[in-house]
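What follows is the content of work08.txt (compact mmCIF, C-alpha atoms).
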# COMPACT_ATOMS: atom_id res chain seq x y z
CA MET M 1 -46.42 -25.70 25.68
CA LYS M 2 -48.57 -25.22 22.59
CA LEU M 3 -51.87 -23.38 22.58
CA GLY M 4 -53.60 -26.49 21.24
CA GLU M 5 -52.58 -28.48 24.33
CA LEU M 6 -54.82 -26.35 26.52
CA SER M 7 -58.50 -27.10 26.83
CA GLN M 8 -60.78 -24.87 24.83
CA LEU M 9 -62.27 -23.48 28.05
CA ALA M 10 -58.82 -22.64 29.39
CA VAL M 11 -57.93 -20.82 26.18
CA PHE M 12 -61.18 -18.86 26.13
CA ASN M 13 -60.83 -17.84 29.80
CA SER M 14 -57.21 -16.84 29.29
CA LEU M 15 -58.09 -14.73 26.25
CA LYS M 16 -60.94 -13.14 28.19
CA ASN M 17 -58.52 -12.09 30.94
CA GLY M 18 -55.59 -11.28 28.68
CA ASN M 19 -53.46 -13.91 30.43
CA ILE M 20 -52.23 -15.68 27.36
CA GLY M 21 -49.82 -14.83 24.64
CA ILE M 22 -48.04 -16.41 21.73
CA ASP M 23 -44.41 -16.54 20.74
CA LEU M 24 -43.83 -15.61 17.11
CA GLY M 25 -40.06 -15.74 17.35
CA VAL M 26 -39.20 -12.17 16.39
CA VAL M 27 -41.97 -10.86 18.62
CA THR M 28 -44.43 -11.96 21.30
CA PHE M 29 -48.04 -10.89 21.63
CA ARG M 30 -50.37 -11.06 24.58
CA ILE M 31 -53.99 -11.09 23.41
CA GLN M 32 -57.15 -10.10 25.18
CA THR M 33 -60.67 -10.45 23.86
CA LYS M 34 -64.09 -11.39 25.19
CA LEU M 35 -65.54 -11.86 21.72
CA PRO M 36 -66.37 -15.58 21.38
CA ASP M 37 -65.85 -15.76 17.59
CA VAL M 38 -62.39 -14.19 17.87
CA GLN M 39 -61.53 -16.56 20.72
CA ARG M 40 -62.62 -19.57 18.72
CA ILE M 41 -60.82 -18.61 15.51
CA PHE M 42 -57.66 -17.61 17.34
CA ALA M 43 -57.59 -20.90 19.28
CA GLU M 44 -57.95 -22.81 16.03
CA LEU M 45 -55.45 -20.91 13.84
CA TYR M 46 -52.75 -20.57 16.52
CA ALA M 47 -53.08 -24.07 18.02
CA ASP M 48 -49.51 -25.02 16.99
CA TYR M 49 -47.85 -21.95 18.49
CA THR M 50 -45.88 -21.85 21.73
CA ILE M 51 -47.67 -19.86 24.37
CA ILE M 52 -46.17 -17.38 26.79
CA THR M 53 -47.33 -17.55 30.37
CA PRO M 54 -48.71 -14.68 32.46
CA GLU M 55 -45.34 -14.44 34.21
CA GLN M 56 -43.41 -13.87 31.00
CA SER M 57 -43.26 -10.41 29.47
CA SER M 58 -44.56 -9.75 25.99
CA ASP M 59 -43.57 -7.23 23.36
CA PHE M 60 -47.13 -6.18 22.64
CA GLN M 61 -50.32 -6.35 24.69
CA VAL M 62 -53.23 -6.12 22.27
CA ALA M 63 -56.98 -6.38 22.55
CA VAL M 64 -60.06 -6.50 20.34
CA LYS M 65 -63.27 -5.47 22.03
CA ARG M 66 -66.66 -3.98 21.47
CA VAL M 67 -66.96 -0.23 21.19
CA ASN M 68 -68.87 1.24 24.10
CA LEU M 69 -72.06 3.25 24.26
CA LEU M 70 -74.42 3.33 21.29
CA ARG M 71 -72.16 1.40 18.94
CA ARG M 72 -72.32 -1.56 21.26
CA TRP M 73 -75.92 -2.12 20.19
CA ILE M 74 -76.66 -0.13 17.06
CA ARG M 75 -74.66 -1.34 14.04
CA PRO M 76 -72.11 -2.70 16.50
CA GLN M 77 -68.44 -2.02 16.05
CA VAL M 78 -65.19 -3.34 17.45
CA GLU M 79 -61.88 -1.66 18.09
CA PHE M 80 -58.24 -2.75 18.34
CA SER M 81 -55.97 -1.48 21.05
CA LEU M 82 -52.27 -1.70 21.83
CA ASP M 83 -52.09 -1.25 25.60
CA ASP M 84 -54.59 1.59 25.96
CA TYR M 85 -53.86 3.15 22.61
CA ILE M 86 -56.44 2.77 19.85
CA PRO M 87 -54.63 3.32 16.55
CA PHE M 88 -57.50 2.78 14.10
CA LEU M 89 -61.10 3.74 13.62
CA PRO M 90 -63.54 1.01 14.70
CA LEU M 91 -64.72 -1.64 12.25
CA PRO M 92 -68.04 -3.52 11.97
CA ARG M 93 -68.46 -6.28 14.53
CA SER M 94 -68.32 -8.92 11.78
CA GLN M 95 -64.70 -7.95 11.01
CA ALA M 96 -63.40 -8.52 14.53
CA TYR M 97 -61.02 -11.35 13.69
CA PRO M 98 -59.36 -9.67 10.67
CA LEU M 99 -59.01 -6.56 12.82
CA LEU M 100 -56.93 -8.55 15.29
CA GLU M 101 -54.63 -9.83 12.53
CA TRP M 102 -54.30 -6.40 10.90
CA GLY M 103 -53.62 -4.85 14.26
CA MET M 104 -50.83 -7.31 14.95
CA ASN M 105 -49.31 -6.48 11.56
CA TRP M 106 -49.48 -2.79 12.41
CA CYS M 107 -47.69 -3.37 15.72
CA MET M 108 -44.77 -4.93 13.87
CA ALA M 109 -44.67 -2.38 11.05
CA ALA M 110 -44.95 0.61 13.36
CA HIS M 111 -42.57 -0.44 16.12
CA ARG M 112 -40.17 -3.22 15.25
CA HIS M 113 -37.37 -1.12 13.79
CA ASN M 114 -34.59 -3.48 14.71
CA TYR M 115 -35.39 -5.25 11.43
CA LEU M 116 -35.95 -4.17 7.85
CA LEU M 117 -39.65 -4.86 7.21
CA ILE M 118 -40.90 -5.41 3.67
CA HIS M 119 -44.47 -5.84 2.52
CA GLY M 120 -44.24 -9.23 0.93
CA ALA M 121 -44.47 -12.96 1.40
CA VAL M 122 -41.41 -15.10 1.99
CA LEU M 123 -41.07 -18.86 1.66
CA GLU M 124 -38.16 -21.24 1.79
CA LYS M 125 -37.24 -24.55 0.22
CA ASN M 126 -33.96 -26.48 0.51
CA GLY M 127 -32.43 -23.68 2.53
CA ASP M 128 -33.14 -20.94 -0.02
CA ALA M 129 -35.67 -18.24 0.77
CA ILE M 130 -37.53 -16.26 -1.86
CA ILE M 131 -39.14 -12.93 -1.11
CA PHE M 132 -42.33 -11.98 -2.96
CA PRO M 133 -42.83 -8.26 -2.50
CA ALA M 134 -46.05 -7.01 -3.96
CA PRO M 135 -48.79 -4.49 -3.52
CA PRO M 136 -52.30 -5.68 -2.62
CA GLY M 137 -54.16 -7.41 -5.45
CA SER M 138 -51.11 -8.94 -7.10
CA GLY M 139 -52.04 -12.50 -6.19
CA LYS M 140 -49.24 -12.78 -3.65
CA SER M 141 -51.30 -14.38 -0.88
CA THR M 142 -52.88 -16.94 -3.21
CA LEU M 143 -49.43 -17.85 -4.50
CA CYS M 144 -48.18 -17.99 -0.92
CA ALA M 145 -51.00 -20.31 0.20
CA TYR M 146 -50.36 -22.57 -2.78
CA LEU M 147 -46.62 -22.87 -2.16
CA ALA M 148 -47.00 -23.23 1.62
CA ASN M 149 -49.19 -26.27 1.07
CA ARG M 150 -46.92 -27.71 -1.61
CA GLY M 151 -43.77 -28.32 0.40
CA TRP M 152 -42.46 -24.78 0.85
CA ARG M 153 -41.82 -23.51 4.36
CA LEU M 154 -43.86 -20.43 5.07
CA LEU M 155 -41.91 -17.68 6.79
CA SER M 156 -44.54 -15.01 6.25
CA ASP M 157 -47.40 -14.19 3.91
CA GLU M 158 -47.47 -10.47 4.63
CA MET M 159 -44.31 -9.12 6.20
CA THR M 160 -40.75 -10.07 5.37
CA VAL M 161 -38.51 -9.53 8.39
CA ILE M 162 -34.83 -9.06 7.57
CA SER M 163 -32.03 -8.89 10.11
CA LEU M 164 -30.03 -5.67 9.82
CA ASP M 165 -26.96 -7.57 11.02
CA THR M 166 -26.96 -10.71 8.89
CA GLY M 167 -29.33 -9.97 6.01
CA TRP M 168 -31.10 -13.27 6.68
CA VAL M 169 -34.87 -13.39 6.78
CA HIS M 170 -36.57 -14.34 10.05
CA PRO M 171 -39.92 -16.11 10.21
CA PHE M 172 -42.99 -14.13 11.11
CA VAL M 173 -45.39 -17.00 10.52
CA ARG M 174 -49.02 -16.02 10.80
CA PRO M 175 -52.32 -17.17 9.32
CA ILE M 176 -52.43 -16.45 5.60
CA CYS M 177 -54.95 -13.77 4.66
CA LEU M 178 -56.97 -14.70 1.58
CA LYS M 179 -59.32 -12.41 -0.23
CA ASN M 180 -62.39 -12.77 -2.42
CA ASN M 181 -62.13 -15.51 -5.08
CA SER M 182 -58.90 -16.90 -3.71
CA ILE M 183 -60.74 -18.17 -0.63
CA SER M 184 -62.80 -20.71 -2.54
CA LEU M 185 -59.89 -21.50 -4.88
CA VAL M 186 -57.54 -22.43 -2.04
CA LYS M 187 -60.26 -24.44 -0.30
CA THR M 188 -60.77 -26.39 -3.51
CA TRP M 189 -57.06 -27.08 -3.98
CA PHE M 190 -56.48 -28.03 -0.36
CA PRO M 191 -59.73 -29.29 1.19
CA ASP M 192 -58.04 -30.27 4.48
CA ILE M 193 -56.75 -26.83 5.39
CA VAL M 194 -58.30 -24.94 8.29
CA VAL M 195 -59.91 -21.66 7.24
CA SER M 196 -61.63 -19.08 9.41
CA ASN M 197 -65.11 -17.83 8.64
CA ILE M 198 -65.31 -15.21 5.92
CA ALA M 199 -65.51 -11.59 6.99
CA LYS M 200 -67.49 -9.78 4.35
CA ASP M 201 -67.29 -6.27 2.98
CA THR M 202 -63.95 -5.32 4.48
CA VAL M 203 -61.79 -2.69 2.77
CA LYS M 204 -60.08 -5.62 1.06
CA GLY M 205 -63.35 -7.32 0.10
CA ASP M 206 -64.21 -10.71 1.58
CA VAL M 207 -61.40 -11.92 3.82
CA ALA M 208 -60.57 -15.22 5.51
CA HIS M 209 -57.50 -16.52 7.31
CA VAL M 210 -55.83 -19.89 6.74
CA LYS M 211 -54.04 -21.79 9.47
CA PRO M 212 -50.32 -21.95 8.60
CA PRO M 213 -48.76 -25.41 8.12
CA LYS M 214 -47.52 -26.96 11.37
CA ASP M 215 -44.04 -27.54 9.91
CA SER M 216 -43.68 -23.82 9.27
CA VAL M 217 -44.73 -22.94 12.81
CA ASP M 218 -42.37 -25.55 14.28
CA LYS M 219 -39.45 -23.78 12.55
CA ILE M 220 -40.46 -20.31 13.69
CA LEU M 221 -37.02 -19.69 15.18
CA VAL M 222 -35.09 -20.79 12.08
CA PRO M 223 -33.99 -17.95 9.78
CA ALA M 224 -33.15 -18.44 6.12
CA LYS M 225 -30.77 -16.94 3.58
CA VAL M 226 -32.45 -15.09 0.72
CA LYS M 227 -31.71 -16.49 -2.71
CA ALA M 228 -34.00 -14.42 -4.90
CA ILE M 229 -36.65 -11.75 -5.04
CA VAL M 230 -39.68 -12.46 -7.20
CA LEU M 231 -42.28 -9.78 -7.88
CA PRO M 232 -45.53 -11.58 -8.70
CA LYS M 233 -48.29 -10.18 -10.84
CA TYR M 234 -51.33 -12.25 -11.65
CA SER M 235 -52.16 -11.86 -15.33
CA PRO M 236 -55.17 -13.82 -16.64
CA ASP M 237 -53.82 -14.12 -20.19
CA THR M 238 -50.27 -15.19 -19.39
CA GLU M 239 -49.20 -18.64 -18.24
CA LEU M 240 -45.75 -17.42 -17.18
CA ASP M 241 -43.56 -14.57 -18.38
CA ILE M 242 -40.34 -13.76 -16.56
CA PHE M 243 -38.63 -10.38 -16.62
CA THR M 244 -35.21 -9.84 -15.07
CA LEU M 245 -34.83 -6.59 -13.15
CA THR M 246 -31.66 -4.56 -13.05
CA LYS M 247 -30.08 -4.11 -9.64
CA CYS M 248 -31.21 -0.50 -9.45
CA ASP M 249 -34.78 -1.36 -10.45
CA ALA M 250 -34.76 -4.17 -7.89
CA PHE M 251 -33.56 -1.75 -5.21
CA GLU M 252 -36.39 0.63 -5.98
CA ALA M 253 -38.93 -2.21 -6.02
CA ILE M 254 -37.85 -3.36 -2.57
CA SER M 255 -37.67 0.20 -1.32
CA SER M 256 -41.24 0.95 -2.43
CA ASN M 257 -42.45 -2.11 -0.53
CA ALA M 258 -40.44 -1.44 2.63
CA PHE M 259 -42.50 -0.39 5.64
CA ASN M 260 -39.68 1.23 7.55
CA GLU M 261 -36.86 2.13 5.18
CA GLY M 262 -37.23 5.81 5.96
CA MET M 263 -37.34 5.17 9.70
CA LEU M 264 -34.17 3.09 9.53
CA GLY M 265 -32.33 5.67 7.43
CA GLU M 266 -28.75 4.63 6.69
CA ALA M 267 -29.22 1.14 8.18
CA GLY M 268 -32.21 0.52 5.93
CA PHE M 269 -30.37 1.72 2.82
CA LYS M 270 -27.41 -0.52 3.58
CA ALA M 271 -29.65 -3.49 4.35
CA ILE M 272 -31.43 -3.18 1.02
CA ARG M 273 -28.10 -2.66 -0.76
CA ARG M 274 -26.75 -5.90 0.74
CA LEU M 275 -29.96 -7.75 -0.13
CA ILE M 276 -29.95 -6.63 -3.76
CA GLU M 277 -26.29 -7.36 -4.35
CA SER M 278 -26.59 -10.89 -2.92
CA THR M 279 -29.73 -11.90 -4.86
CA ASP M 280 -31.29 -11.83 -8.28
CA THR M 281 -34.65 -10.19 -8.89
CA VAL M 282 -37.29 -11.08 -11.43
CA GLU M 283 -40.84 -10.03 -12.08
CA ILE M 284 -43.27 -12.74 -13.12
CA HIS M 285 -46.61 -12.40 -14.85
CA TYR M 286 -48.58 -15.59 -14.47
CA ASN M 287 -51.90 -17.36 -14.36
CA ASN M 288 -50.68 -20.91 -13.68
CA LEU M 289 -49.45 -21.55 -10.16
CA ALA M 290 -48.10 -25.04 -10.94
CA VAL M 291 -45.86 -23.59 -13.65
CA VAL M 292 -44.73 -20.86 -11.25
CA ALA M 293 -43.88 -23.48 -8.62
CA GLU M 294 -41.85 -25.40 -11.17
CA PHE M 295 -39.94 -22.24 -12.14
CA LEU M 296 -39.22 -21.39 -8.50
CA GLU M 297 -38.04 -24.91 -7.72
CA GLU M 298 -35.63 -24.83 -10.66
CA GLY M 299 -33.94 -22.00 -8.80
CA ARG M 300 -32.53 -20.12 -11.80
CA PHE M 301 -33.27 -16.43 -11.49
CA CYS M 302 -30.68 -14.76 -13.62
CA ALA M 303 -30.55 -14.62 -17.39
CA MET O 304 -19.53 30.35 -4.96
CA TYR O 305 -17.95 27.01 -4.10
CA TYR O 306 -19.80 23.75 -3.63
CA LYS O 307 -19.03 20.32 -2.23
CA PHE O 308 -20.64 16.90 -1.94
CA VAL O 309 -22.35 16.56 1.41
CA ASP O 310 -20.50 14.69 4.14
CA ASN O 311 -21.59 11.15 5.05
CA LEU O 312 -23.09 10.56 1.64
CA ILE O 313 -23.70 6.86 1.07
CA TYR O 314 -24.08 5.34 -2.33
CA TYR O 315 -24.90 2.09 -4.01
CA ASN O 316 -23.06 1.51 -7.25
CA ALA O 317 -24.99 -1.39 -8.78
CA SER O 318 -22.71 -4.21 -9.88
CA ASP O 319 -24.58 -4.56 -13.18
CA LYS O 320 -23.94 -0.89 -14.04
CA SER O 321 -27.65 -0.15 -14.00
CA GLY O 322 -27.13 3.01 -12.00
CA VAL O 323 -25.98 4.55 -8.79
CA LEU O 324 -28.21 5.46 -5.85
CA PHE O 325 -27.11 8.20 -3.51
CA PHE O 326 -28.47 8.29 0.03
CA VAL O 327 -28.32 11.44 2.13
CA PRO O 328 -28.59 10.40 5.80
CA PHE O 329 -30.03 13.59 7.20
CA THR O 330 -32.89 13.65 4.69
CA ALA O 331 -33.20 9.83 4.49
CA LYS O 332 -33.84 10.25 0.79
CA LYS O 333 -32.20 8.53 -2.12
CA THR O 334 -31.71 9.64 -5.70
CA ARG O 335 -30.77 7.58 -8.72
CA PHE O 336 -28.26 8.55 -11.38
CA SER O 337 -26.85 6.91 -14.43
CA SER O 338 -23.60 4.96 -13.98
CA ASP O 339 -22.07 6.93 -16.88
CA ILE O 340 -21.91 10.20 -15.02
CA THR O 341 -21.47 9.11 -11.44
CA GLY O 342 -17.90 8.05 -12.12
CA VAL O 343 -17.21 11.79 -12.25
CA PHE O 344 -19.00 12.37 -8.95
CA LEU O 345 -16.76 9.93 -7.16
CA ASN O 346 -13.78 12.18 -7.90
CA TYR O 347 -15.35 14.85 -5.70
CA PHE O 348 -16.17 12.67 -2.71
CA ASP O 349 -13.08 13.67 -0.79
CA SER O 350 -14.85 16.85 0.36
CA SER O 351 -12.93 18.95 -2.10
CA SER O 352 -14.64 22.17 -3.13
CA PHE O 353 -15.46 22.98 -6.68
CA LEU O 354 -17.02 25.62 -8.82
CA LYS O 355 -20.18 24.83 -10.73
CA ASP O 356 -18.49 25.61 -14.04
CA ASP O 357 -15.62 23.22 -13.32
CA PHE O 358 -18.10 20.52 -12.42
CA ARG O 359 -20.00 21.12 -15.63
CA ILE O 360 -16.80 20.88 -17.66
CA SER O 361 -15.92 17.54 -16.03
CA LEU O 362 -19.29 16.27 -17.22
CA SER O 363 -18.45 16.99 -20.83
CA CYS O 364 -20.73 14.18 -21.96
CA LEU O 365 -23.73 16.33 -21.01
CA THR O 366 -25.12 19.26 -22.95
CA PRO O 367 -25.92 22.44 -21.02
CA GLU O 368 -29.60 21.52 -21.32
CA GLN O 369 -28.85 18.18 -19.67
CA PHE O 370 -26.52 19.56 -17.06
CA GLU O 371 -28.82 22.17 -15.50
CA PRO O 372 -31.60 19.75 -14.42
CA LEU O 373 -28.93 17.42 -13.03
CA TRP O 374 -27.34 20.28 -11.09
CA ASN O 375 -30.69 21.39 -9.74
CA THR O 376 -31.44 17.84 -8.60
CA LEU O 377 -28.10 17.59 -6.83
CA LEU O 378 -28.85 20.79 -4.94
CA ALA O 379 -32.52 20.04 -4.27
CA GLU O 380 -31.68 16.63 -2.82
CA TYR O 381 -28.84 18.04 -0.69
CA ILE O 382 -26.31 15.83 -2.41
CA VAL O 383 -24.33 18.93 -3.28
CA ILE O 384 -24.32 21.91 -0.95
CA GLU O 385 -22.70 25.29 -0.83
CA ASP O 386 -19.27 25.05 0.79
CA LYS O 387 -19.36 27.71 3.46
CA ARG O 388 -15.78 27.07 4.44
CA ILE O 389 -14.76 29.22 1.48

In structure tokens, write the structure found in this file.
Amino acid sequence: MKLGELSQLAVFNSLKNGNIGIDLGVVTFRIQTKLPDVQRIFAELYADYTIITPEQSSDFQVAVKRVNLLRRWIRPQVEFSLDDYIPFLPLPRSQAYPLLEWGMNWCMAAHRHNYLLIHGAVLEKNGDAIIFPAPPGSGKSTLCAYLANRGWRLLSDEMTVISLDTGWVHPFVRPICLKNNSISLVKTWFPDIVVSNIAKDTVKGDVAHVKPPKDSVDKILVPAKVKAIVLPKYSPDTELDIFTLTKCDAFEAISSNAFNEGMLGEAGFKAIRRLIESTDTVEIHYNNLAVVAEFLEEGRFCA
Amino acid sequence: MYYKFVDNLIYYNASDKSGVLFFVPFTAKKTRFSSDITGVFLNYFDSSSFLKDDFRISLSCLTPEQFEPLWNTLLAEYIVIEDKRI
């Protein structure tokens, strides 16, 4: 059953009691929150996801709730918890929904060490997946939102999940996190997409989340083989420049974006080694997403 | 004093000859070297012991000024360790 098949009241009550969860393929989350805005946004952005029932176990039980005592009323704050553990400092009440998404990312990055986890987007077309590892501010999420709404299957906008056994990438499809100017840009390009309200003044600036395409969610259990690694860098003065990376430079680029390479030790080193040897890596400097899409669809990544 | 390459050393010899990365499992750290010189390293991977001077001679492509920082890196990153068997 999909979350969207439940009545809104049923979803809100289930979230209030922590009786509902969602299946993300590589992981399941059970969510609890009494905050009405978080309930509403979650119900909207995750409507296409398969739910897990109260009888089924979940990998993570998370909650977003108001901080008690004074901070409940004076400059109110909210906190994220995994079971009873609170891993972060509280955030302003207005940032409750992003806190839930960031908390879910943290759960994966901090605990899911049966995969190699890389900070980067990953999308697939015609059976070939491309990983876009990049630090914050590189334009990765804007590029990801553009491609995901232009026929590419979204596997993840934030965290690439790679099997240590096969080297294939597994979907971790979640709402795409847009920041600052990219929010209005993406809304202009794709007026029909569903976007959450904007949380202002976060550490990343203004932040909003975009509902992932239904097709991408429907294929949440379908892994993909990686064809190439593309390091994106938005550059206002450059339509598209492409730089091929050596294998060793590519290894170091992936390594610097890996959440858990150190934790995995030998398995992580071997997983990255296999990934680099089986793919080509380029860095692109760009300001024109349509030209980037054309380059990616051509599928030629080596000189 | 005799030395040897640490046991269980894993390496990635890039197919485009852009370098070699050595990974030491018990430190979980990796270090990059040029492909030119790591061909020599591979001769020592059978746990054979060697003297520093012999190792330096086998890397005849390096000047003494180039060799010493390399040697210090190999020791600091636990890629090469003192062979206490001898």

Applying 10 Å and only C-alpha atoms, which residues near Met304 (chain O) remain after dropping the ones on its own chain fewer than 2 positions away? List them as a VMD selection string.
chain O and resid 306 352 to 355 385 to 387 389

Counting only C-alpha atoms, the residue of O:Val383, O:Leu312, O:Leu373, O:Cys364 that sits nearest chain M:
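Closest to chain M of all the choices is O:Leu312.
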
Please tabulate, as a Markdown table, the residues of chain M that come within 6 Å of chain O, each with its closest pair of atoms and the distance in Å to one decimal, counting only C-alpha atoms and ordering rows by chain, then residue number upward.
| residue | atom | partner | partner_atom | distance |
| --- | --- | --- | --- | --- |
| M:Lys247 | CA | O:Ala317 | CA | 5.8 |
| M:Cys248 | CA | O:Ser321 | CA | 5.8 |
| M:Gly262 | CA | O:Ala331 | CA | 5.9 |
| M:Gly265 | CA | O:Ala331 | CA | 5.2 |
| M:Glu266 | CA | O:Pro328 | CA | 5.8 |

Name the residues within 12 Å of (-49.2, -25.8, 1.3), counting all atoms listed in the file in the file's coordinates, and put them as a PyMOL selection string.
chain M and resi 123-124+141-154+176+186-187+189-194+210-216+293

Counting only C-alpha atoms, the residue of O:Asn346, O:Ser361, O:Thr341, O:Thr334 that sits nearest Lys307 (chain O):
O:Asn346
